$ cat data-v4.txt   # compact mmCIF, C-alpha atoms
# COMPACT_ATOMS: atom_id res chain seq x y z
CA MET A 916 10.97 -20.45 18.64
CA LYS A 917 13.12 -18.02 16.67
CA PHE A 918 12.94 -16.81 13.07
CA THR A 919 14.31 -13.93 11.01
CA ALA A 920 11.91 -11.34 9.62
CA ALA A 921 12.68 -8.74 6.96
CA ALA A 922 10.59 -5.62 6.31
CA VAL A 923 11.05 -4.29 2.78
CA GLN A 924 10.63 -0.58 2.08
CA ILE A 925 10.07 -0.34 -1.66
CA ALA A 926 8.80 2.21 -4.20
CA PRO A 927 6.37 0.54 -6.61
CA VAL A 928 5.84 1.55 -10.21
CA LYS A 929 2.40 3.16 -10.17
CA ALA A 930 -0.30 1.06 -11.87
CA ASP A 931 2.24 -1.45 -13.29
CA TYR A 932 1.43 -4.81 -11.72
CA ALA A 933 3.86 -6.78 -13.91
CA ALA A 934 6.83 -4.57 -13.04
CA ASN A 935 6.01 -4.65 -9.35
CA ILE A 936 5.67 -8.45 -9.25
CA GLU A 937 9.20 -8.63 -10.65
CA ARG A 938 10.56 -6.16 -8.09
CA VAL A 939 8.86 -7.90 -5.16
CA ALA A 940 10.12 -11.30 -6.31
CA GLU A 941 13.68 -9.97 -6.67
CA ALA A 942 13.57 -8.48 -3.18
CA ALA A 943 12.11 -11.69 -1.75
CA VAL A 944 14.94 -13.73 -3.27
CA ARG A 945 17.44 -11.30 -1.78
CA CYS A 946 15.77 -11.55 1.65
CA SER A 947 15.94 -15.34 1.50
CA ALA A 948 19.59 -15.31 0.45
CA ASP A 949 20.34 -13.02 3.39
CA GLY A 950 18.76 -15.47 5.81
CA ALA A 951 15.19 -14.22 6.21
CA ASP A 952 12.40 -16.69 6.91
CA LEU A 953 9.69 -14.04 6.44
CA ALA A 954 9.66 -11.05 4.06
CA VAL A 955 7.02 -8.35 4.66
CA PHE A 956 6.13 -5.88 1.90
CA PRO A 957 4.03 -2.70 2.26
CA GLU A 958 0.40 -1.91 1.55
CA THR A 959 -0.49 -1.92 -2.20
CA VAL A 960 3.11 -2.68 -3.18
CA LEU A 961 1.97 -4.50 -6.34
CA SER A 962 0.39 -1.37 -7.84
CA GLY A 963 0.98 1.76 -5.82
CA TYR A 964 -1.64 3.32 -3.58
CA PHE A 965 -3.26 6.41 -5.15
CA LEU A 966 -5.06 4.76 -8.08
CA GLN A 967 -8.63 5.80 -7.25
CA GLY A 968 -10.90 4.40 -9.99
CA GLY A 969 -7.88 2.73 -11.58
CA VAL A 970 -7.86 -0.01 -8.93
CA ALA A 971 -10.00 -2.18 -11.21
CA GLU A 972 -7.24 -2.28 -13.80
CA VAL A 973 -4.61 -3.68 -11.41
CA ALA A 974 -6.72 -5.76 -9.02
CA VAL A 975 -5.99 -9.51 -9.03
CA THR A 976 -7.15 -12.47 -7.01
CA ALA A 977 -4.98 -13.70 -4.17
CA GLU A 978 -4.48 -16.93 -6.13
CA GLN A 979 -3.16 -14.94 -9.09
CA ALA A 980 -0.72 -13.00 -6.92
CA LYS A 981 0.45 -16.28 -5.38
CA ALA A 982 0.91 -17.91 -8.78
CA ASP A 983 2.78 -14.95 -10.25
CA LEU A 984 5.17 -14.79 -7.30
CA ALA A 985 5.62 -18.56 -7.22
CA GLU A 986 6.57 -18.57 -10.91
CA ARG A 987 9.36 -16.09 -10.17
CA LEU A 988 10.55 -17.68 -6.93
CA THR A 989 10.67 -21.28 -8.13
CA GLY A 990 14.28 -22.35 -8.50
CA LYS A 991 15.54 -19.16 -6.88
CA ILE A 992 14.93 -19.91 -3.20
CA GLU A 993 16.56 -22.93 -1.60
CA ARG A 994 14.50 -23.08 1.57
CA PRO A 995 10.98 -22.07 2.70
CA LEU A 996 10.16 -18.37 2.69
CA ASP A 997 6.94 -16.73 3.88
CA VAL A 998 5.92 -13.49 2.16
CA VAL A 999 3.34 -10.89 3.19
CA VAL A 1000 2.40 -8.68 0.26
CA GLY A 1001 -0.14 -5.86 -0.13
CA PHE A 1002 -2.28 -5.40 -3.25
CA TYR A 1003 -5.75 -4.57 -4.59
CA GLU A 1004 -7.66 -7.86 -4.58
CA ARG A 1005 -10.61 -9.13 -6.61
CA HIS A 1006 -12.84 -11.33 -4.48
CA ASP A 1007 -16.51 -12.30 -4.82
CA GLY A 1008 -17.35 -9.40 -7.09
CA HIS A 1009 -15.64 -6.77 -4.96
CA ILE A 1010 -12.24 -5.07 -4.87
CA TYR A 1011 -10.41 -4.88 -1.54
CA ASN A 1012 -7.23 -3.32 -0.26
CA CYS A 1013 -5.67 -6.48 1.15
CA ALA A 1014 -2.53 -8.17 2.41
CA ALA A 1015 -1.88 -11.86 1.78
CA HIS A 1016 0.41 -14.12 3.77
CA ILE A 1017 1.82 -16.71 1.36
CA SER A 1018 4.14 -19.54 2.34
CA PHE A 1019 6.60 -20.59 -0.39
CA SER A 1020 8.79 -23.65 -0.50
CA PRO A 1021 11.29 -24.37 -3.29
CA SER A 1022 8.52 -26.29 -5.11
CA ASP A 1023 5.14 -25.19 -3.68
CA ALA A 1024 3.10 -22.23 -2.44
CA GLU A 1025 0.16 -21.86 -0.05
CA ILE A 1026 -1.97 -18.87 0.96
CA LEU A 1027 -2.21 -18.90 4.75
CA HIS A 1028 -4.46 -15.87 5.17
CA VAL A 1029 -5.82 -12.78 3.41
CA HIS A 1030 -6.61 -9.70 5.49
CA ARG A 1031 -8.90 -7.10 3.92
CA LYS A 1032 -8.49 -3.58 5.25
CA PHE A 1033 -11.02 -3.01 8.01
CA PHE A 1034 -10.88 0.79 8.35
CA LEU A 1035 -11.00 2.75 5.08
CA PRO A 1036 -9.94 6.42 5.47
CA THR A 1037 -12.10 9.08 3.83
CA TYR A 1038 -10.47 12.31 5.00
CA GLY A 1039 -7.68 14.60 3.85
CA VAL A 1040 -5.99 13.08 0.78
CA PHE A 1041 -7.78 9.75 1.32
CA ASP A 1042 -11.01 8.55 -0.30
CA GLU A 1043 -10.68 4.77 -0.18
CA GLU A 1044 -14.28 3.91 0.52
CA ARG A 1045 -15.31 5.22 -2.91
CA PHE A 1046 -13.12 2.68 -4.70
CA VAL A 1047 -12.75 -0.44 -2.56
CA ALA A 1048 -14.96 -2.52 -0.28
CA ARG A 1049 -14.32 -2.78 3.45
CA GLY A 1050 -13.08 -5.95 5.10
CA ARG A 1051 -15.23 -7.36 7.89
CA ASP A 1052 -12.86 -9.44 10.01
CA ILE A 1053 -9.82 -9.18 12.24
CA SER A 1054 -8.39 -12.68 12.39
CA ALA A 1055 -5.50 -14.55 13.95
CA TYR A 1056 -4.14 -17.47 11.93
CA SER A 1057 -1.55 -20.20 12.26
CA THR A 1058 1.89 -20.11 10.61
CA ARG A 1059 5.08 -22.12 11.06
CA PHE A 1060 6.16 -19.17 13.25
CA GLY A 1061 3.18 -19.28 15.60
CA ARG A 1062 -0.03 -17.25 15.54
CA PHE A 1063 -0.12 -14.12 13.36
CA ALA A 1064 -2.54 -11.32 12.56
CA MET A 1065 -2.35 -8.60 9.90
CA LEU A 1066 -3.40 -4.94 9.97
CA ILE A 1067 -3.31 -2.42 7.12
CA CYS A 1068 -2.51 1.26 7.66
CA GLU A 1069 -5.50 2.88 9.43
CA ASP A 1070 -6.32 -0.44 11.07
CA THR A 1071 -3.33 0.24 13.35
CA TRP A 1072 -4.69 3.68 14.35
CA HIS A 1073 -7.67 2.08 16.12
CA SER A 1074 -6.64 0.29 19.32
CA VAL A 1075 -9.55 -2.13 19.12
CA THR A 1076 -8.15 -3.96 16.07
CA ALA A 1077 -4.88 -4.98 17.74
CA THR A 1078 -6.82 -5.89 20.88
CA ILE A 1079 -9.08 -8.23 18.90
CA ALA A 1080 -6.03 -9.79 17.21
CA ALA A 1081 -4.34 -10.37 20.56
CA LEU A 1082 -7.48 -11.83 22.12
CA LYS A 1083 -7.68 -14.24 19.18
CA GLY A 1084 -4.19 -15.49 19.99
CA ALA A 1085 -1.81 -13.40 17.85
CA GLN A 1086 1.80 -13.49 18.98
CA THR A 1087 2.97 -11.38 16.04
CA ILE A 1088 1.12 -8.59 14.24
CA VAL A 1089 2.22 -7.68 10.72
CA ALA A 1090 1.28 -4.04 10.09
CA VAL A 1091 1.72 -2.81 6.51
CA ALA A 1092 1.12 0.76 5.37
CA ALA A 1093 1.30 3.33 2.58
CA SER A 1094 1.43 6.60 4.50
CA PRO A 1095 2.00 9.92 2.69
CA ALA A 1096 4.39 12.16 4.62
CA ARG A 1097 2.56 14.87 6.56
CA GLY A 1098 3.55 17.44 9.16
CA PHE A 1099 7.33 17.66 8.80
CA SER A 1100 8.93 18.95 11.99
CA GLY A 1101 12.43 18.48 13.29
CA GLU A 1102 14.05 15.38 11.84
CA SER A 1103 10.94 13.35 10.99
CA PHE A 1104 7.33 13.49 9.79
CA ALA A 1105 4.46 13.89 12.24
CA ASN A 1106 2.53 10.91 10.88
CA LEU A 1107 5.63 8.69 10.98
CA ASP A 1108 6.28 9.66 14.60
CA HIS A 1109 2.64 8.84 15.32
CA TYR A 1110 2.97 5.43 13.65
CA ARG A 1111 5.97 4.56 15.77
CA ARG A 1112 4.12 5.51 18.95
CA LEU A 1113 1.14 3.42 17.90
CA LEU A 1114 3.22 0.38 17.00
CA ARG A 1115 5.18 0.52 20.23
CA ALA A 1116 1.94 0.82 22.20
CA ILE A 1117 0.41 -2.18 20.36
CA SER A 1118 3.38 -4.37 21.24
CA GLU A 1119 3.71 -3.15 24.81
CA GLU A 1120 0.03 -3.41 25.71
CA HIS A 1121 -0.47 -6.88 24.29
CA GLY A 1122 2.99 -8.38 24.72
CA LEU A 1123 3.57 -9.29 21.07
CA TRP A 1124 5.92 -8.61 18.17
CA THR A 1125 4.97 -6.03 15.58
CA ILE A 1126 6.55 -6.13 12.11
CA ASN A 1127 5.87 -3.00 10.10
CA ALA A 1128 6.63 -2.38 6.39
CA MET A 1129 6.07 1.11 4.95
CA LEU A 1130 5.83 2.16 1.31
CA VAL A 1131 8.28 4.71 -0.13
CA GLY A 1132 8.37 6.65 -3.40
CA PHE A 1133 6.19 9.39 -4.90
CA GLU A 1134 2.73 9.34 -6.45
CA GLY A 1135 1.10 12.50 -7.75
CA GLY A 1136 3.42 14.72 -5.73
CA LYS A 1137 2.82 12.79 -2.52
CA GLY A 1138 5.82 11.11 -0.91
CA PHE A 1139 5.49 8.02 1.26
CA THR A 1140 7.40 7.98 4.53
CA GLY A 1141 9.29 4.69 4.78
CA GLY A 1142 10.64 4.41 8.32
CA SER A 1143 9.54 0.80 8.87
CA VAL A 1144 10.10 -0.73 12.31
CA ILE A 1145 10.18 -4.07 14.08
CA VAL A 1146 9.05 -3.80 17.71
CA ASP A 1147 9.55 -6.38 20.47
CA PRO A 1148 6.87 -7.45 22.99
CA PHE A 1149 8.13 -4.92 25.54
CA GLY A 1150 7.48 -2.03 23.14
CA LYS A 1151 11.12 -1.49 22.19
CA ILE A 1152 12.01 -0.69 18.57
CA VAL A 1153 14.57 -3.36 17.69
CA VAL A 1154 15.38 -2.03 14.22
CA GLU A 1155 14.09 0.81 12.04
CA GLY A 1156 14.48 1.83 8.43
CA PRO A 1157 15.36 5.29 7.12
CA ALA A 1158 12.66 7.69 6.01
CA THR A 1159 11.85 8.00 2.27
CA GLU A 1160 14.48 5.48 1.06
CA GLU A 1161 14.22 1.96 -0.30
CA PHE A 1162 15.66 -0.32 2.36
CA ILE A 1163 15.46 -3.82 3.81
CA LEU A 1164 15.62 -4.11 7.58
CA SER A 1165 15.67 -7.41 9.44
CA ALA A 1166 15.64 -8.78 12.97
CA GLU A 1167 15.53 -12.07 14.79
CA ILE A 1168 12.09 -12.70 16.27
CA ASP A 1169 12.16 -14.73 19.49
CA LEU A 1170 8.66 -15.86 20.43
CA ALA A 1171 9.86 -16.71 23.94
CA GLU A 1172 9.87 -12.95 24.48
CA VAL A 1173 6.07 -12.97 24.13
CA ALA A 1174 5.68 -15.21 27.18
CA ARG A 1175 8.23 -13.21 29.14
CA ALA A 1176 6.51 -9.90 28.36
CA ARG A 1177 3.06 -11.24 29.22
CA GLU A 1178 4.30 -12.67 32.50
CA LYS A 1179 5.90 -9.37 33.50
CA PHE A 1180 3.05 -7.16 32.27
CA PRO A 1181 -0.15 -9.30 32.27
CA MET A 1182 -2.46 -6.71 30.68
CA LEU A 1183 -3.82 -9.20 28.16
CA ALA A 1184 -4.63 -11.71 30.91
CA ASP A 1185 -6.31 -8.91 32.88
CA LEU A 1186 -8.42 -8.06 29.84
CA VAL A 1187 -9.45 -11.70 29.37
CA SER A 1188 -10.55 -11.85 33.02
CA VAL A 1189 -13.03 -8.97 32.54
CA LEU A 1190 -13.95 -9.67 28.93
CA GLU A 1191 -17.56 -10.54 29.74
CA ASP A 1192 -18.06 -7.12 31.33
CA VAL A 1193 -16.24 -5.40 28.47
CA ALA A 1194 -18.52 -7.15 25.98
CA ARG A 1195 -21.57 -6.04 27.99
CA GLU A 1196 -20.35 -2.44 28.00
CA MET A 1197 -19.75 -2.56 24.24
CA GLN A 1198 -23.23 -3.95 23.68
CA GLU A 1199 -24.70 -1.10 25.73
CA VAL A 1200 -22.75 1.40 23.63
CA ASN A 1201 -24.00 -0.28 20.44
CA GLU A 1202 -27.62 -0.09 21.61
CA ALA A 1203 -27.48 3.41 23.11
CA GLU A 1204 -28.36 6.56 21.24
CA CYS A 1205 -24.91 8.06 21.65
CA PRO A 1206 -23.98 11.48 20.25
CA GLN A 1207 -22.14 11.09 16.95
CA PRO A 1208 -18.56 12.43 16.85

$ encode --input "data-v4.txt" --output "structure tokens"
Amino acid sequence: MKFTAAAVQIAPVKADYAANIERVAEAAVRCSADGADLAVFPETVLSGYFLQGGVAEVAVTAEQAKADLAERLTGKIERPLDVVVGFYERHDGHIYNCAAHISFSPSDAEILHVHRKFFLPTYGVFDEERFVARGRDISAYSTRFGRFAMLICEDTWHSVTATIAALKGAQTIVAVAASPARGFSGESFANLDHYRRLLRAISEEHGLWTINAMLVGFEGGKGFTGGSVIVDPFGKIVVEGPATEEFILSAEIDLAEVARAREKFPMLADLVSVLEDVAREMQEVNEAECPQP
């Protein structure tokens, strides 16, 4: 199966949900008109990232985000379009940093999955755990494009999350992020170079597509990197966006490449064959009195 995916680098208006819904909808319509079947938007694109205690003022339910986007897309898209969008979510009395995968048709909309950020950074300029709750699951879910999983920012920095997603059947991982530029050297930023290495390693190890959308713009003197990428199952960057600029990049995703990569490099199959022993080792680690890092 083949489909066209677009990753949208966009600079949100900080703390202005209404303005950002409009901008996301406009970009989604443009992606659809340009032939995309899937449009992926960055982490917290509906509000901006560095809101701290202000997250409560912009947090919405996934149903509200779906309804607000559907209102703006109805009559403006002529064929189905899936959208992944990041925002602060209200759910069961908590606020989460989440990404929702929503499938839109010209007359209907359906939430396929909501991923709540699993790893919340609390170092350097980050203090997420003070303001949002932590997600508890890494899930794979079904779409019209096969099996997907979603990761948000620091989730991608821990190899175990992508491994769990792959073991649960993901053929494509959508990785969204809002990463402030750090460590400028040469022609790029150190954290952006690190992201690209991580995303290539995720795809290559597990034989799957990775679609990455990065926030751009400035908040409180901090600039977000941009530099989104789409990576094939062999770990090759197929297309990449420029750093620090608004941009839409797109690529054709061929799921047949997943089977080809996994046949040539069967690391996932090797992992499945020893999974019982891996689980035993992890249980021993969990029960042991290990030195804390």

$ closest_residue --input "data-v4.txt" --among "A:Ala977, A:Val1173, A:Val1047, A:Ala1024" --to "Tyr1011 of chain A" --atoms "only C-alpha atoms"
A:Val1047

$ residues_near_point --input "data-v4.txt" --point "(12.8, -19.8, 7.0)" --cutoff "9 Å" --atoms "only C-alpha atoms" --output "mmCIF file with C-alpha atoms, in the frame of the given file"
data_model
loop_
_atom_site.group_PDB
_atom_site.id
_atom_site.type_symbol
_atom_site.label_atom_id
_atom_site.label_comp_id
_atom_site.auth_asym_id
_atom_site.auth_seq_id
_atom_site.Cartn_x
_atom_site.Cartn_y
_atom_site.Cartn_z
ATOM 1 C CA PHE A 918 12.940 -16.810 13.070
ATOM 2 C CA THR A 919 14.310 -13.930 11.010
ATOM 3 C CA ALA A 920 11.910 -11.340 9.620
ATOM 4 C CA SER A 947 15.940 -15.340 1.500
ATOM 5 C CA GLY A 950 18.760 -15.470 5.810
ATOM 6 C CA ALA A 951 15.190 -14.220 6.210
ATOM 7 C CA ASP A 952 12.400 -16.690 6.910
ATOM 8 C CA LEU A 953 9.690 -14.040 6.440
ATOM 9 C CA ARG A 994 14.500 -23.080 1.570
ATOM 10 C CA PRO A 995 10.980 -22.070 2.700
ATOM 11 C CA LEU A 996 10.160 -18.370 2.690
ATOM 12 C CA ASP A 997 6.940 -16.730 3.880
#

$ residues_around --input "data-v4.txt" --residues "Pro1036 of chain A" --least-positions-apart "4" --cutoff "10 Å" --atoms "all atoms listed in the file" --output "PyMOL selection string"
chain A and resi 1040-1044+1068-1070

$ write_last_selection --input "data-v4.txt" --atoms "C-alpha atoms" --output "short mmCIF file (atom, residue, chain, number, x, y, z; two decimals), in the coordinates of the input"
data_model
loop_
_atom_site.label_atom_id
_atom_site.label_comp_id
_atom_site.auth_asym_id
_atom_site.auth_seq_id
_atom_site.Cartn_x
_atom_site.Cartn_y
_atom_site.Cartn_z
CA VAL A 1040 -5.99 13.08 0.78
CA PHE A 1041 -7.78 9.75 1.32
CA ASP A 1042 -11.01 8.55 -0.30
CA GLU A 1043 -10.68 4.77 -0.18
CA GLU A 1044 -14.28 3.91 0.52
CA CYS A 1068 -2.51 1.26 7.66
CA GLU A 1069 -5.50 2.88 9.43
CA ASP A 1070 -6.32 -0.44 11.07
#

$ residues_around --input "data-v4.txt" --residues "Met916 of chain A" --least-positions-apart "4" --cutoff "9 Å" --atoms "only C-alpha atoms" --output "PyMOL selection string"
chain A and resi 1060-1061+1168-1171

$ atom_distance --input "data-v4.txt" --atom1 "atom CA of Ala1090 of chain A" --atom2 "atom CA of Ile1067 of chain A"
5.7 Å

$ closest_atom_pairs --input "data-v4.txt" --of "segment 965-1050 of chain A" --to "segment 930-941 of chain A" --cutoff "7 Å" --atoms "only C-alpha atoms" --output "CSV"
residue,atom,partner,partner_atom,distance
A:Val973,CA,A:Tyr932,CA,6.2
A:Leu984,CA,A:Ala940,CA,6.1
A:Arg987,CA,A:Ala940,CA,6.2
A:Leu988,CA,A:Ala940,CA,6.4

$ closest_residue --input "data-v4.txt" --among "A:Gly1122, A:Pro1095, A:Gly963, A:Gly1132" --to "Val1146 of chain A" --atoms "all atoms listed in the file"
A:Gly1122

$ atom_distance --input "data-v4.txt" --atom1 "atom CA of Ala1085 of chain A" --atom2 "atom CA of Ser1165 of chain A"
20.3 Å
